[in-house]
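**Q** Have a peek at final_13.txt (compact mmCIF, N, CA and C atoms).
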```txt
# COMPACT_ATOMS: atom_id res chain seq x y z
N MET A 1220 -24.76 14.06 -4.20
CA MET A 1220 -24.10 13.84 -5.48
C MET A 1220 -24.03 12.33 -5.70
N VAL A 1221 -24.31 11.94 -6.93
CA VAL A 1221 -24.25 10.54 -7.30
C VAL A 1221 -23.27 10.41 -8.47
N LEU A 1222 -22.38 9.43 -8.35
CA LEU A 1222 -21.43 9.13 -9.42
C LEU A 1222 -21.85 7.83 -10.07
N LEU A 1223 -21.71 7.75 -11.37
CA LEU A 1223 -22.06 6.54 -12.11
C LEU A 1223 -20.81 5.94 -12.73
N ASP A 1224 -20.56 4.70 -12.43
CA ASP A 1224 -19.52 3.94 -13.10
C ASP A 1224 -20.19 3.24 -14.27
N GLU A 1225 -20.07 3.83 -15.46
CA GLU A 1225 -20.75 3.29 -16.63
C GLU A 1225 -20.22 1.93 -17.04
N ARG A 1226 -18.95 1.66 -16.73
CA ARG A 1226 -18.38 0.35 -17.10
C ARG A 1226 -19.06 -0.77 -16.32
N ALA A 1227 -19.27 -0.54 -15.02
CA ALA A 1227 -19.83 -1.58 -14.16
C ALA A 1227 -21.32 -1.41 -13.91
N GLY A 1228 -21.87 -0.26 -14.30
CA GLY A 1228 -23.27 0.00 -14.04
C GLY A 1228 -23.59 0.21 -12.57
N ARG A 1229 -22.60 0.70 -11.82
CA ARG A 1229 -22.78 0.92 -10.38
C ARG A 1229 -22.88 2.41 -10.09
N TYR A 1230 -23.65 2.72 -9.08
CA TYR A 1230 -23.80 4.09 -8.61
C TYR A 1230 -23.08 4.24 -7.28
N TRP A 1231 -22.51 5.42 -7.08
CA TRP A 1231 -21.89 5.77 -5.80
C TRP A 1231 -22.55 7.06 -5.34
N GLN A 1232 -23.13 7.03 -4.16
CA GLN A 1232 -23.76 8.23 -3.62
C GLN A 1232 -22.83 8.83 -2.57
N LEU A 1233 -22.48 10.10 -2.77
CA LEU A 1233 -21.63 10.81 -1.83
C LEU A 1233 -22.50 11.64 -0.89
N ASN A 1234 -22.10 11.69 0.37
CA ASN A 1234 -22.81 12.59 1.28
C ASN A 1234 -22.37 14.02 0.98
N SER A 1235 -22.90 14.97 1.72
CA SER A 1235 -22.61 16.37 1.40
C SER A 1235 -21.14 16.71 1.54
N THR A 1236 -20.46 16.10 2.51
CA THR A 1236 -19.03 16.36 2.68
C THR A 1236 -18.24 15.75 1.53
N GLY A 1237 -18.56 14.54 1.15
CA GLY A 1237 -17.88 13.90 0.03
C GLY A 1237 -18.09 14.69 -1.25
N ALA A 1238 -19.30 15.20 -1.46
CA ALA A 1238 -19.57 16.02 -2.63
C ALA A 1238 -18.75 17.32 -2.59
N ARG A 1239 -18.65 17.90 -1.41
CA ARG A 1239 -17.85 19.14 -1.26
C ARG A 1239 -16.39 18.87 -1.60
N VAL A 1240 -15.87 17.74 -1.14
CA VAL A 1240 -14.48 17.37 -1.44
C VAL A 1240 -14.30 17.23 -2.94
N LEU A 1241 -15.16 16.48 -3.57
CA LEU A 1241 -15.01 16.23 -5.01
C LEU A 1241 -15.17 17.51 -5.82
N ARG A 1242 -16.14 18.35 -5.45
CA ARG A 1242 -16.31 19.62 -6.17
C ARG A 1242 -15.08 20.51 -6.05
N ALA A 1243 -14.52 20.58 -4.85
CA ALA A 1243 -13.33 21.42 -4.65
C ALA A 1243 -12.16 20.90 -5.47
N LEU A 1244 -11.99 19.59 -5.51
CA LEU A 1244 -10.90 19.02 -6.31
C LEU A 1244 -11.11 19.28 -7.80
N LEU A 1245 -12.35 19.14 -8.26
CA LEU A 1245 -12.64 19.41 -9.66
C LEU A 1245 -12.42 20.88 -10.01
N ASP A 1246 -12.57 21.75 -9.01
CA ASP A 1246 -12.32 23.18 -9.20
C ASP A 1246 -10.84 23.53 -9.13
N GLY A 1247 -10.00 22.54 -8.84
CA GLY A 1247 -8.55 22.76 -8.85
C GLY A 1247 -7.88 22.81 -7.50
N ASP A 1248 -8.63 22.66 -6.42
CA ASP A 1248 -8.01 22.64 -5.09
C ASP A 1248 -7.21 21.36 -4.91
N THR A 1249 -6.18 21.44 -4.10
CA THR A 1249 -5.40 20.25 -3.74
C THR A 1249 -6.08 19.56 -2.56
N PRO A 1250 -5.74 18.30 -2.31
CA PRO A 1250 -6.28 17.65 -1.12
C PRO A 1250 -5.95 18.40 0.17
N ASP A 1251 -4.77 19.00 0.26
CA ASP A 1251 -4.42 19.78 1.45
C ASP A 1251 -5.31 21.01 1.58
N GLN A 1252 -5.61 21.66 0.48
CA GLN A 1252 -6.50 22.82 0.53
C GLN A 1252 -7.90 22.42 0.94
N VAL A 1253 -8.36 21.29 0.44
CA VAL A 1253 -9.68 20.79 0.81
C VAL A 1253 -9.70 20.46 2.30
N THR A 1254 -8.65 19.82 2.77
CA THR A 1254 -8.55 19.48 4.19
C THR A 1254 -8.59 20.73 5.05
N ASP A 1255 -7.84 21.75 4.66
CA ASP A 1255 -7.84 23.00 5.43
C ASP A 1255 -9.22 23.64 5.47
N ALA A 1256 -9.91 23.66 4.34
CA ALA A 1256 -11.23 24.26 4.27
C ALA A 1256 -12.23 23.48 5.13
N LEU A 1257 -12.17 22.17 5.08
CA LEU A 1257 -13.07 21.36 5.89
C LEU A 1257 -12.77 21.50 7.37
N THR A 1258 -11.49 21.52 7.71
CA THR A 1258 -11.10 21.66 9.11
C THR A 1258 -11.62 22.96 9.69
N ALA A 1259 -11.61 24.02 8.89
CA ALA A 1259 -12.07 25.33 9.35
C ALA A 1259 -13.56 25.34 9.70
N THR A 1260 -14.31 24.40 9.13
CA THR A 1260 -15.76 24.37 9.38
C THR A 1260 -16.20 23.10 10.10
N ALA A 1261 -15.26 22.31 10.58
CA ALA A 1261 -15.58 21.00 11.13
C ALA A 1261 -15.87 21.01 12.63
N GLY A 1262 -15.99 22.15 13.23
CA GLY A 1262 -16.39 22.22 14.63
C GLY A 1262 -15.45 21.52 15.59
N GLY A 1263 -14.15 21.73 15.41
CA GLY A 1263 -13.19 21.18 16.36
C GLY A 1263 -12.64 19.81 16.02
N VAL A 1264 -13.02 19.26 14.89
CA VAL A 1264 -12.45 17.97 14.47
C VAL A 1264 -10.98 18.21 14.13
N PRO A 1265 -10.08 17.40 14.68
CA PRO A 1265 -8.65 17.60 14.40
C PRO A 1265 -8.33 17.49 12.91
N ARG A 1266 -7.38 18.32 12.46
CA ARG A 1266 -6.99 18.32 11.05
C ARG A 1266 -6.54 16.94 10.60
N ALA A 1267 -5.83 16.22 11.46
CA ALA A 1267 -5.34 14.89 11.08
C ALA A 1267 -6.51 13.95 10.75
N ARG A 1268 -7.58 14.07 11.49
CA ARG A 1268 -8.77 13.24 11.23
C ARG A 1268 -9.41 13.62 9.90
N VAL A 1269 -9.54 14.94 9.65
CA VAL A 1269 -10.12 15.41 8.40
C VAL A 1269 -9.24 14.95 7.23
N ALA A 1270 -7.92 15.08 7.37
CA ALA A 1270 -7.00 14.66 6.31
C ALA A 1270 -7.13 13.17 6.04
N ALA A 1271 -7.27 12.38 7.09
CA ALA A 1271 -7.43 10.93 6.91
C ALA A 1271 -8.74 10.62 6.19
N ASP A 1272 -9.79 11.35 6.51
CA ASP A 1272 -11.08 11.12 5.85
C ASP A 1272 -11.03 11.52 4.37
N VAL A 1273 -10.40 12.65 4.07
CA VAL A 1273 -10.25 13.08 2.67
C VAL A 1273 -9.44 12.04 1.91
N HIS A 1274 -8.32 11.62 2.47
CA HIS A 1274 -7.47 10.62 1.83
C HIS A 1274 -8.24 9.31 1.63
N GLY A 1275 -9.02 8.92 2.64
CA GLY A 1275 -9.80 7.68 2.53
C GLY A 1275 -10.81 7.73 1.41
N LEU A 1276 -11.48 8.87 1.28
CA LEU A 1276 -12.44 9.02 0.18
C LEU A 1276 -11.73 8.92 -1.17
N LEU A 1277 -10.62 9.62 -1.30
CA LEU A 1277 -9.90 9.60 -2.57
C LEU A 1277 -9.37 8.20 -2.89
N THR A 1278 -8.93 7.51 -1.87
CA THR A 1278 -8.43 6.14 -2.05
C THR A 1278 -9.55 5.22 -2.52
N ARG A 1279 -10.73 5.34 -1.90
CA ARG A 1279 -11.86 4.48 -2.29
C ARG A 1279 -12.34 4.80 -3.71
N LEU A 1280 -12.38 6.09 -4.06
CA LEU A 1280 -12.80 6.45 -5.42
C LEU A 1280 -11.80 5.94 -6.45
N ALA A 1281 -10.51 6.03 -6.14
CA ALA A 1281 -9.48 5.53 -7.06
C ALA A 1281 -9.55 4.01 -7.18
N ALA A 1282 -9.78 3.33 -6.05
CA ALA A 1282 -9.88 1.87 -6.08
C ALA A 1282 -11.06 1.41 -6.92
N ALA A 1283 -12.12 2.21 -6.92
CA ALA A 1283 -13.29 1.89 -7.74
C ALA A 1283 -13.11 2.35 -9.19
N ARG A 1284 -11.96 2.95 -9.48
CA ARG A 1284 -11.61 3.46 -10.80
C ARG A 1284 -12.55 4.57 -11.25
N LEU A 1285 -13.02 5.36 -10.26
CA LEU A 1285 -13.85 6.51 -10.58
C LEU A 1285 -12.99 7.78 -10.70
N THR A 1286 -11.79 7.73 -10.20
CA THR A 1286 -10.84 8.83 -10.28
C THR A 1286 -9.45 8.27 -10.55
N GLU A 1287 -8.55 9.14 -10.88
CA GLU A 1287 -7.16 8.75 -11.01
C GLU A 1287 -6.51 8.81 -9.63
N PRO A 1288 -5.58 7.91 -9.33
CA PRO A 1288 -4.89 7.96 -8.04
C PRO A 1288 -4.15 9.29 -7.89
N ALA A 1289 -4.14 9.81 -6.68
CA ALA A 1289 -3.39 11.03 -6.41
C ALA A 1289 -1.91 10.74 -6.50
N PRO A 1290 -1.11 11.68 -7.03
CA PRO A 1290 0.32 11.45 -7.08
C PRO A 1290 0.90 11.37 -5.67
N ALA A 1291 1.97 10.61 -5.51
CA ALA A 1291 2.63 10.50 -4.20
C ALA A 1291 3.21 11.85 -3.81
N ARG A 1292 3.18 12.11 -2.52
CA ARG A 1292 3.71 13.39 -2.02
C ARG A 1292 5.20 13.34 -1.91
```
Would you encode the structure as structure tokens?

**A**
Amino acid sequence: MVLLDERAGRYWQLNSTGARVLRALLDGDTPDQVTDALTATAGGVPRARVAADVHGLLTRLAAARLTEPAPAR
């Protein structure tokens, strides 16, 4: 998946996991639901690590102004 920032003319290429995260969120899943789904298929990767990776992706996309920041929990 490739995202285009039309304002800056920059492209962001997501790997398959990043694309899966973004698609699930666009379909209405919460970050916690995405984390749970990824953890179930991550081959033993601890949930805390998966959650940190999901949060990191969302933080970077928001910092690049490609998404809106997630509301505080």

**Q** Per residue of region 1230-1265 of chain A within 8 Å of region 1273-1278 of chain A, what are the shortest atom pair and its distance in Å to one decimal, counting only N, CA and C atoms, with rows by chain and residue number, as a tab-separated table?

**A**
```
residue	atom	partner	partner_atom	distance
A:Gly1237	CA	A:Leu1276	CA	7.3
A:Val1240	CA	A:Val1273	CA	7.3
A:Pro1250	CA	A:Val1273	C	7.1
A:Val1253	C	A:Val1273	CA	7.4
A:Thr1254	CA	A:Val1273	CA	6.8
```

**Q** Per DSSP on the backbone, filter region 1242-1282 of chain A down to the residues in helix (DSSP H, G or I) and report them as a PyMOL selection string.

**A** chain A and resi 1242-1245+1250-1259+1266-1282

**Q** Go ahead and save the residues from that selection, with N, CA and C atoms, as an mmCIF file, in the frame of the given file.

**A**
```cif
data_model
loop_
_atom_site.group_PDB
_atom_site.id
_atom_site.type_symbol
_atom_site.label_atom_id
_atom_site.label_comp_id
_atom_site.auth_asym_id
_atom_site.auth_seq_id
_atom_site.Cartn_x
_atom_site.Cartn_y
_atom_site.Cartn_z
ATOM 1 N N ARG A 1242 -16.140 18.350 -5.450
ATOM 2 C CA ARG A 1242 -16.310 19.620 -6.170
ATOM 3 C C ARG A 1242 -15.080 20.510 -6.050
ATOM 4 N N ALA A 1243 -14.520 20.580 -4.850
ATOM 5 C CA ALA A 1243 -13.330 21.420 -4.650
ATOM 6 C C ALA A 1243 -12.160 20.900 -5.470
ATOM 7 N N LEU A 1244 -11.990 19.590 -5.510
ATOM 8 C CA LEU A 1244 -10.900 19.020 -6.310
ATOM 9 C C LEU A 1244 -11.110 19.280 -7.800
ATOM 10 N N LEU A 1245 -12.350 19.140 -8.260
ATOM 11 C CA LEU A 1245 -12.640 19.410 -9.660
ATOM 12 C C LEU A 1245 -12.420 20.880 -10.010
ATOM 13 N N PRO A 1250 -5.740 18.300 -2.310
ATOM 14 C CA PRO A 1250 -6.280 17.650 -1.120
ATOM 15 C C PRO A 1250 -5.950 18.400 0.170
ATOM 16 N N ASP A 1251 -4.770 19.000 0.260
ATOM 17 C CA ASP A 1251 -4.420 19.780 1.450
ATOM 18 C C ASP A 1251 -5.310 21.010 1.580
ATOM 19 N N GLN A 1252 -5.610 21.660 0.480
ATOM 20 C CA GLN A 1252 -6.500 22.820 0.530
ATOM 21 C C GLN A 1252 -7.900 22.420 0.940
ATOM 22 N N VAL A 1253 -8.360 21.290 0.440
ATOM 23 C CA VAL A 1253 -9.680 20.790 0.810
ATOM 24 C C VAL A 1253 -9.700 20.460 2.300
ATOM 25 N N THR A 1254 -8.650 19.820 2.770
ATOM 26 C CA THR A 1254 -8.550 19.480 4.190
ATOM 27 C C THR A 1254 -8.590 20.730 5.050
ATOM 28 N N ASP A 1255 -7.840 21.750 4.660
ATOM 29 C CA ASP A 1255 -7.840 23.000 5.430
ATOM 30 C C ASP A 1255 -9.220 23.640 5.470
ATOM 31 N N ALA A 1256 -9.910 23.660 4.340
ATOM 32 C CA ALA A 1256 -11.230 24.260 4.270
ATOM 33 C C ALA A 1256 -12.230 23.480 5.130
ATOM 34 N N LEU A 1257 -12.170 22.170 5.080
ATOM 35 C CA LEU A 1257 -13.070 21.360 5.890
ATOM 36 C C LEU A 1257 -12.770 21.500 7.370
ATOM 37 N N THR A 1258 -11.490 21.520 7.710
ATOM 38 C CA THR A 1258 -11.100 21.660 9.110
ATOM 39 C C THR A 1258 -11.620 22.960 9.690
ATOM 40 N N ALA A 1259 -11.610 24.020 8.890
ATOM 41 C CA ALA A 1259 -12.070 25.330 9.350
ATOM 42 C C ALA A 1259 -13.560 25.340 9.700
ATOM 43 N N ARG A 1266 -7.380 18.320 12.460
ATOM 44 C CA ARG A 1266 -6.990 18.320 11.050
ATOM 45 C C ARG A 1266 -6.540 16.940 10.600
ATOM 46 N N ALA A 1267 -5.830 16.220 11.460
ATOM 47 C CA ALA A 1267 -5.340 14.890 11.080
ATOM 48 C C ALA A 1267 -6.510 13.950 10.750
ATOM 49 N N ARG A 1268 -7.580 14.070 11.490
ATOM 50 C CA ARG A 1268 -8.770 13.240 11.230
ATOM 51 C C ARG A 1268 -9.410 13.620 9.900
ATOM 52 N N VAL A 1269 -9.540 14.940 9.650
ATOM 53 C CA VAL A 1269 -10.120 15.410 8.400
ATOM 54 C C VAL A 1269 -9.240 14.950 7.230
ATOM 55 N N ALA A 1270 -7.920 15.080 7.370
ATOM 56 C CA ALA A 1270 -7.000 14.660 6.310
ATOM 57 C C ALA A 1270 -7.130 13.170 6.040
ATOM 58 N N ALA A 1271 -7.270 12.380 7.090
ATOM 59 C CA ALA A 1271 -7.430 10.930 6.910
ATOM 60 C C ALA A 1271 -8.740 10.620 6.190
ATOM 61 N N ASP A 1272 -9.790 11.350 6.510
ATOM 62 C CA ASP A 1272 -11.080 11.120 5.850
ATOM 63 C C ASP A 1272 -11.030 11.520 4.370
ATOM 64 N N VAL A 1273 -10.400 12.650 4.070
ATOM 65 C CA VAL A 1273 -10.250 13.080 2.670
ATOM 66 C C VAL A 1273 -9.440 12.040 1.910
ATOM 67 N N HIS A 1274 -8.320 11.620 2.470
ATOM 68 C CA HIS A 1274 -7.470 10.620 1.830
ATOM 69 C C HIS A 1274 -8.240 9.310 1.630
ATOM 70 N N GLY A 1275 -9.020 8.920 2.640
ATOM 71 C CA GLY A 1275 -9.800 7.680 2.530
ATOM 72 C C GLY A 1275 -10.810 7.730 1.410
ATOM 73 N N LEU A 1276 -11.480 8.870 1.280
ATOM 74 C CA LEU A 1276 -12.440 9.020 0.180
ATOM 75 C C LEU A 1276 -11.730 8.920 -1.170
ATOM 76 N N LEU A 1277 -10.620 9.620 -1.300
ATOM 77 C CA LEU A 1277 -9.900 9.600 -2.570
ATOM 78 C C LEU A 1277 -9.370 8.200 -2.890
ATOM 79 N N THR A 1278 -8.930 7.510 -1.870
ATOM 80 C CA THR A 1278 -8.430 6.140 -2.050
ATOM 81 C C THR A 1278 -9.550 5.220 -2.520
ATOM 82 N N ARG A 1279 -10.730 5.340 -1.900
ATOM 83 C CA ARG A 1279 -11.860 4.480 -2.290
ATOM 84 C C ARG A 1279 -12.340 4.800 -3.710
ATOM 85 N N LEU A 1280 -12.380 6.090 -4.060
ATOM 86 C CA LEU A 1280 -12.800 6.450 -5.420
ATOM 87 C C LEU A 1280 -11.800 5.940 -6.450
ATOM 88 N N ALA A 1281 -10.510 6.030 -6.140
ATOM 89 C CA ALA A 1281 -9.480 5.530 -7.060
ATOM 90 C C ALA A 1281 -9.550 4.010 -7.180
ATOM 91 N N ALA A 1282 -9.780 3.330 -6.050
ATOM 92 C CA ALA A 1282 -9.880 1.870 -6.080
ATOM 93 C C ALA A 1282 -11.060 1.410 -6.920
#
```

**Q** Go ahead and compute the interatomic distance for atom N of Ala1282 (chain A) and atom N of Trp1231 (chain A), in Å to one decimal.

**A**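 These two atoms are separated by 12.9 Å.
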
**Q** Would you mind telling me which residue in A:Gln1252, A:Met1220, A:Arg1284, A:Ala1259 lies nearest to Ala1238 (chain A) when using all atoms listed in the file?

**A**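 Closest to Ala1238 (chain A) of all the choices is A:Met1220.
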
**Q** Could you state the separation of atom N of Arg1279 (chain A) and CA of Leu1241 (chain A) in Å, given to one decimal place?

**A**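 Straight-line distance from atom N of Arg1279 (chain A) to CA of Leu1241 (chain A) works out to 12.1 Å.
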
**Q** Could you name the residues that touch region 1222-1230 of chain A at 8 Å or less, counting only N, CA and C atoms, but leaving out those on the same chain fewer than 3 positions away, as number ranges by chain?

**A** A: 1233, 1283-1285

**Q** Give me, please, the distance in Å between CA of Ala1267 (chain A) and CA of Val1221 (chain A), quoted to one decimal.

**A**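 Those two atoms sit 26.7 Å apart.
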